[in-house]
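Here's entry-v1.txt, which has compact mmCIF, C-alpha atoms:
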# COMPACT_ATOMS: atom_id res chain seq x y z
CA SER Z 1 92.91 83.72 94.83
CA PHE Z 2 90.57 86.69 95.18
CA LEU Z 3 87.49 84.47 95.27
CA ILE Z 4 89.04 82.26 97.93
CA SER Z 5 89.66 85.21 100.27
CA THR Z 6 86.19 86.59 99.67
CA SER Z 7 84.59 83.18 100.27
CA ILE Z 8 86.48 82.65 103.53
CA ILE Z 9 85.46 86.08 104.81
CA LEU Z 10 81.80 85.52 103.82
CA VAL Z 11 81.72 82.15 105.59
CA ILE Z 12 83.21 83.65 108.76
CA GLY Z 13 80.75 86.53 108.63
CA ILE Z 14 77.77 84.20 108.27
CA LEU Z 15 78.95 81.89 111.06
CA TYR Z 16 79.29 84.81 113.47
CA GLY Z 17 76.08 86.52 112.38
CA GLN Z 18 77.90 89.53 110.95
CA ILE Z 19 76.69 89.41 107.37
CA ILE Z 20 75.95 93.17 107.12
CA SER Z 21 79.33 94.14 108.55
CA THR Z 22 81.01 91.55 106.31
CA LEU Z 23 79.43 92.91 103.14
CA THR Z 24 80.29 96.46 104.23
CA PHE Z 25 83.93 95.50 104.77
CA LEU Z 26 84.21 93.75 101.41
CA ALA Z 27 82.57 96.59 99.50
CA THR Z 28 84.81 99.21 101.11
CA PHE Z 29 88.06 97.24 101.14
CA ILE Z 30 87.89 95.80 97.64
CA LEU Z 31 86.70 98.97 95.91
CA ILE Z 32 89.23 101.37 97.45
CA ARG Z 33 92.32 99.22 98.02
CA GLN Z 34 92.61 98.22 94.36
CA TYR Z 35 93.47 101.87 93.66
CA THR Z 36 95.44 102.79 96.80
CA GLY Z 37 97.68 99.73 96.80
CA GLY Z 38 99.71 98.99 99.91
CA TYR Z 39 101.34 96.15 101.80
CA HIS Z 40 101.74 92.82 100.00
CA ALA Z 41 102.51 89.60 101.85
CA ASN Z 42 105.42 87.36 100.91
CA SER Z 43 103.43 84.17 100.37
CA TYR Z 44 100.03 82.92 99.28
CA ILE Z 45 99.10 81.74 102.78
CA MET Z 46 100.16 85.02 104.38
CA CYS Z 47 98.15 86.84 101.75
CA LYS Z 48 94.96 85.06 102.81
CA LEU Z 49 95.80 85.32 106.50
CA CYS Z 50 96.44 89.07 106.38
CA THR Z 51 93.22 89.71 104.48
CA VAL Z 52 91.18 87.70 106.97
CA ILE Z 53 92.92 89.38 109.93
CA SER Z 54 92.13 92.82 108.50
CA PHE Z 55 88.49 91.76 108.21
CA GLY Z 56 88.36 90.28 111.70
CA ILE Z 57 89.91 93.31 113.40
CA SER Z 58 87.72 95.79 111.50
CA VAL Z 59 84.46 93.99 112.30
CA PHE Z 60 85.46 93.31 115.91
CA LEU Z 61 86.32 96.96 116.57
CA ALA Z 62 83.12 98.08 114.83
CA ASN Z 63 81.06 96.03 117.27
CA VAL Z 64 83.02 96.91 120.41
CA PHE Z 65 84.20 100.52 120.00
CA PRO Z 66 81.68 103.05 118.64
CA VAL Z 67 83.34 105.75 116.53
CA PRO Z 68 82.91 109.41 117.55
CA ARG Z 69 81.76 111.33 114.49
CA LEU Z 70 84.61 113.80 114.82
CA LEU Z 71 87.05 110.98 114.08
CA PHE Z 72 85.59 110.65 110.58
CA LEU Z 73 86.80 114.16 109.83
CA ALA Z 74 90.26 113.37 111.21
CA LEU Z 75 90.45 110.14 109.20
CA LEU Z 76 89.27 111.94 106.07
CA ILE Z 77 92.09 114.49 106.35
CA ILE Z 78 94.80 111.96 107.24
CA GLY Z 79 93.73 109.57 104.48
CA CYS Z 80 93.59 112.28 101.81
CA VAL Z 81 97.09 113.47 102.76
CA ILE Z 82 98.57 109.95 102.60
CA ILE Z 83 96.82 109.03 99.35
CA GLY Z 84 97.56 112.43 97.81
CA PHE Z 85 101.28 112.33 98.55
CA PHE Z 86 102.11 108.62 98.39
CA GLY Z 87 99.33 106.81 96.57
CA PRO Z 88 99.19 104.49 94.88
CA ILE Z 89 101.63 102.18 96.67
CA GLU Z 90 102.20 99.87 93.74
CA ASN Z 91 103.20 96.23 93.69
CA MET Z 92 106.73 95.92 92.31
CA HIS Z 93 105.56 92.92 90.27
CA LYS Z 94 102.77 94.96 88.64
CA PRO Z 95 104.29 98.39 87.92
CA LEU Z 96 102.07 101.22 86.70
CA THR Z 97 102.77 103.87 84.11
CA ASP Z 98 102.80 107.53 85.20
CA GLN Z 99 99.38 108.06 83.65
CA GLU Z 100 97.98 105.00 85.44
CA LYS Z 101 99.41 106.25 88.74
CA ARG Z 102 97.67 109.59 88.32
CA LYS Z 103 94.37 107.91 87.46
CA HIS Z 104 94.67 105.54 90.42
CA LYS Z 105 95.44 108.47 92.73
CA ILE Z 106 92.45 110.49 91.55
CA THR Z 107 90.12 107.49 91.74
CA ALA Z 108 91.39 106.50 95.19
CA LEU Z 109 90.91 110.04 96.53
CA THR Z 110 87.42 110.28 95.05
CA LEU Z 111 86.28 106.92 96.45
CA TYR Z 112 87.91 107.59 99.81
CA VAL Z 113 86.12 110.93 100.22
CA ILE Z 114 82.77 109.44 99.14
CA TRP Z 115 83.10 106.51 101.54
CA SER Z 116 84.19 108.75 104.43
CA VAL Z 117 81.29 111.17 103.92
CA THR Z 118 78.85 108.27 103.51
CA GLY Z 119 80.13 106.61 106.68
CA PHE Z 120 79.65 109.84 108.60
CA ALA Z 121 76.16 110.40 107.17
CA ILE Z 122 74.85 106.93 108.06
CA SER Z 123 76.28 107.08 111.58
CA PHE Z 124 72.97 108.63 112.68
CA SER Z 125 70.82 105.75 111.42
CA MET Z 126 73.16 102.75 110.93
CA PRO Z 127 75.96 103.07 113.50
CA LEU Z 128 77.31 99.53 113.06
CA VAL Z 129 77.70 99.93 109.29
CA SER Z 130 79.25 103.35 109.86
CA ASN Z 131 81.73 101.91 112.37
CA THR Z 132 82.67 99.15 109.92
CA VAL Z 133 83.32 101.68 107.16
CA PHE Z 134 85.52 103.70 109.53
CA TYR Z 135 87.68 100.80 110.69
CA THR Z 136 87.97 99.40 107.16
CA LEU Z 137 89.23 102.78 105.92
CA CYS Z 138 91.71 102.74 108.83
CA ALA Z 139 92.93 99.30 107.68
CA ILE Z 140 93.42 100.57 104.11
CA ILE Z 141 95.48 103.55 105.29
CA ILE Z 142 97.57 101.42 107.66
CA LEU Z 143 98.33 99.01 104.82
CA MET Z 144 99.61 101.99 102.82
CA ILE Z 145 101.80 103.18 105.69
CA ILE Z 146 103.49 99.80 106.35
CA PRO Z 147 105.57 99.79 103.11
CA LEU Z 148 106.66 103.38 103.82
CA LEU Z 149 107.85 102.36 107.30
CA GLU Z 150 109.66 99.36 105.80
CA ARG Z 151 111.60 101.65 103.50
CA ARG Z 152 112.53 103.87 106.43
CA THR Z 153 113.67 100.82 108.39
CA HIS Z 154 115.92 99.77 105.51
CA HIS Z 155 117.24 103.34 105.19
CA GLU Z 156 115.67 103.85 101.79
CA LYS Z 157 115.07 107.46 100.82
CA ILE Z 158 111.50 108.71 100.72
CA THR Z 159 110.90 112.11 99.12
CA PHE Z 160 107.69 114.12 98.95
CA PRO Z 161 106.52 115.12 95.48
CA HIS Z 162 106.56 118.83 94.80
CA PRO Z 163 102.96 120.09 95.41
CA ARG Z 164 102.90 122.37 92.34
CA ARG Z 165 104.31 119.63 90.16
CA THR Z 166 101.76 117.10 91.47
CA TYR Z 167 98.88 119.51 90.84
CA ALA Z 168 100.15 120.27 87.34
CA ALA Z 169 100.43 116.58 86.51
CA ILE Z 170 96.90 115.83 87.70
CA ARG Z 171 95.48 118.90 85.94
CA ALA Z 172 97.22 117.96 82.69
CA ASP Z 173 95.77 114.46 82.93
CA LEU Z 174 92.23 115.74 83.46
CA LEU Z 175 92.03 118.72 81.12
CA PRO Z 176 91.96 118.45 77.31
CA HIS Z 177 94.95 119.60 75.33
CA ALA Z 178 95.18 123.29 74.56
CA GLY Z 179 93.09 124.32 71.58
CA GLU Z 180 90.93 121.22 71.63
CA ALA Z 181 87.24 121.55 72.34
CA GLY Z 182 85.37 119.16 74.52
CA PRO Z 183 84.42 118.52 78.11
CA VAL Z 184 86.87 117.93 80.94
CA GLN Z 185 88.17 114.42 80.69
CA GLY Z 186 87.67 112.76 84.05
CA ASP Z 187 88.70 109.22 83.30
CA PHE Z 188 88.65 107.51 86.64
CA GLY Z 189 89.44 104.12 85.19
CA GLY Z 190 92.80 102.61 86.01
CA LYS Z 191 93.92 99.00 85.86
CA PRO Z 192 93.39 97.37 89.21
CA GLY Z 193 94.98 94.11 88.14
CA ASP Z 194 93.99 90.63 89.26
CA GLY Z 195 93.44 90.33 92.96
CA ALA Z 196 94.59 93.91 93.51
CA ALA Z 197 92.21 94.35 96.42
CA GLU Z 198 93.90 91.60 98.36
CA ILE Z 199 97.02 91.91 100.44
CA GLY Z 200 99.15 90.46 97.66
CA GLY Z 201 100.85 87.16 97.25
CA HIS Z 202 104.17 88.20 95.77
CA GLY Z 203 107.43 88.50 97.61
CA GLY Z 204 109.40 91.63 98.28
CA ARG Z 205 108.48 95.11 99.35
CA THR Z 206 106.06 97.06 97.27
CA GLY Z 207 107.39 99.79 95.06
CA GLY Z 208 106.39 103.41 95.37
CA PRO Z 209 104.81 105.88 93.00
CA GLY Z 210 106.58 108.52 91.03
CA GLY Z 211 106.77 110.80 94.06
CA LEU Z 212 108.90 108.33 96.00
CA SER Z 213 112.64 108.07 95.51
CA LEU Z 214 113.98 104.64 96.40

Could you express the structure from this file as structure tokens?
Amino acid sequence: SFLISTSIILVIGILYGQIISTLTFLATFILIRQYTGGYHANSYIMCKLCTVISFGISVFLANVFPVPRLLFLALLIIGCVIIGFFGPIENMHKPLTDQEKRKHKITALTLYVIWSVTGFAISFSMPLVSNTVFYTLCAIIILMIIPLLERRTHHEKITFPHPRRTYAAIRADLLPHAGEAGPVQGDFGGKPGDGAAEIGGHGGRTGGPGGLSL
């Protein structure tokens, strides 16, 4: 399933002479989305279609609309807020434990910041690649927002996690237990699951992390 989507996108990119933008999209989308989670389509065909559409829109916008560098800062802030409060948006068919959710959140935030800063830095020398990174990050964030809007539409309750409680949970996951010696444990692993970078193939709305009350 994952290989099929990747192959289709690579073929389209080669046919339209957008191989660099295609590889940039795949590297950004696959690496970050497997930890952020987000919208999952209801069928196998819609899964492939949504993934290809995300690719097509991102690459098209990257070629047509140059990104002002100030927007990278705005996207960085918006993305960190959404990932920090709501990530990961898990697939209800592949639930995560609380520890896995914290690791996914930390990894997603780390990768998102690195990619945003990198996209801004290369905007001076490789504007097309920078634009592709920007619009791909936008796609990832939008795909996180869609399930939240679906819950609002169906009058499901969405609650924000308490900031102090969230910080304490992340700190407890990173720091060693009291009295134990050793370095800070920064396990940024997490279980992405098969095909996690794609826009799903399972029915139903995606579930939310521990900070969301359904």

Just need the box for region 28-44 of chain Z, edges along x, y and z, holding every atom the file lists for it with 4 Å tacked onto each side, so centre and edge lengths in Å to one decimal, as JSON.
{"center_x": 95.1, "center_y": 92.9, "center_z": 97.8, "size_x": 28.6, "size_y": 27.9, "size_z": 16.2}

Item to check | Protein/DNA/RNA residues near (91.5, 112.9, 107.8), cut 12 Å, all atoms listed in the file, as a list in words | outcome: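 The requested residues, written out, are Arg69, Leu70, Leu71, Phe72, Leu73, Ala74, Leu75, Leu76, Ile77, Ile78, Gly79, Cys80, Val81, Ile82, Ile83, Gly84, Leu109, Tyr112, Val113, Ser116, Val117, Phe134, Leu137, Cys138 and Ile141 of chain Z.
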
Using only C-alpha atoms, find each residue in region 65-162 of chain Z having at least one atom no more than 12 Å away from region 36-44 of chain Z; report its shortest atom-to-atom pair and that distance in Å (one decimal), rows by chain then rising number, as a Markdown table.
| residue | atom | partner | partner_atom | distance |
| --- | --- | --- | --- | --- |
| Z:Gly79 | CA | Z:Thr36 | CA | 10.4 |
| Z:Cys80 | CA | Z:Thr36 | CA | 10.9 |
| Z:Ile82 | CA | Z:Thr36 | CA | 9.7 |
| Z:Ile83 | CA | Z:Thr36 | CA | 6.9 |
| Z:Gly84 | CA | Z:Thr36 | CA | 9.9 |
| Z:Phe85 | CA | Z:Thr36 | CA | 11.3 |
| Z:Phe86 | CA | Z:Thr36 | CA | 9.0 |
| Z:Gly87 | CA | Z:Thr36 | CA | 5.6 |
| Z:Pro88 | CA | Z:Thr36 | CA | 4.5 |
| Z:Ile89 | CA | Z:Gly37 | CA | 4.6 |
| Z:Glu90 | CA | Z:Gly37 | CA | 5.5 |
| Z:Asn91 | CA | Z:Gly37 | CA | 7.2 |
| Z:Met92 | CA | Z:His40 | CA | 9.7 |
| Z:His93 | CA | Z:His40 | CA | 10.5 |
| Z:Lys94 | CA | Z:Gly37 | CA | 10.7 |
| Z:Pro95 | CA | Z:Gly37 | CA | 11.2 |
| Z:Leu96 | CA | Z:Gly37 | CA | 11.1 |
| Z:Glu100 | CA | Z:Thr36 | CA | 11.8 |
| Z:Lys101 | CA | Z:Thr36 | CA | 9.6 |
| Z:Arg102 | CA | Z:Thr36 | CA | 11.1 |
| Z:Lys103 | CA | Z:Thr36 | CA | 10.7 |
| Z:His104 | CA | Z:Thr36 | CA | 7.0 |
| Z:Lys105 | CA | Z:Thr36 | CA | 7.0 |
| Z:Ile106 | CA | Z:Thr36 | CA | 9.8 |
| Z:Thr107 | CA | Z:Thr36 | CA | 8.7 |
| Z:Ala108 | CA | Z:Thr36 | CA | 5.7 |
| Z:Leu109 | CA | Z:Thr36 | CA | 8.6 |
| Z:Thr110 | CA | Z:Thr36 | CA | 11.1 |
| Z:Leu111 | CA | Z:Thr36 | CA | 10.1 |
| Z:Tyr112 | CA | Z:Thr36 | CA | 9.4 |
| Z:Leu137 | CA | Z:Thr36 | CA | 11.0 |
| Z:Ala139 | CA | Z:Gly38 | CA | 10.3 |
| Z:Ile140 | CA | Z:Gly38 | CA | 7.7 |
| Z:Ile141 | CA | Z:Gly38 | CA | 8.2 |
| Z:Ile142 | CA | Z:Gly38 | CA | 8.4 |
| Z:Leu143 | CA | Z:Gly38 | CA | 5.1 |
| Z:Met144 | CA | Z:Gly38 | CA | 4.2 |
| Z:Ile145 | CA | Z:Gly38 | CA | 7.4 |
| Z:Ile146 | CA | Z:Tyr39 | CA | 6.2 |
| Z:Pro147 | CA | Z:Tyr39 | CA | 5.7 |
| Z:Leu148 | CA | Z:Gly38 | CA | 9.1 |
| Z:Leu149 | CA | Z:Tyr39 | CA | 10.5 |
| Z:Glu150 | CA | Z:Tyr39 | CA | 9.8 |
| Z:Arg151 | CA | Z:Tyr39 | CA | 11.8 |

Checklist entry - CA of Val59 (chain Z) and CA of Ser21 (chain Z) are how many Å apart? => result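 Result for CA of Val59 (chain Z) versus CA of Ser21 (chain Z): 6.4 Å, one decimal.
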
Checklist entry - So what do you get for CA of Leu10 (chain Z) versus CA of Leu23 (chain Z), distance-wise? => result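 Straight-line distance from CA of Leu10 (chain Z) to CA of Leu23 (chain Z) works out to 7.8 Å.
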
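Across the model, the gap from CA of Ile114 (chain Z) to CA of Ile32 (chain Z) is 10.5 Å.
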
Checklist entry - Could you pull the residues within 7 Å of Thr136 (chain Z), counting all atoms listed in the file, minus those fewer than 4 positions along the same chain, as number ranges by chain? => result Z: 25, 28-29, 58, 132, 140
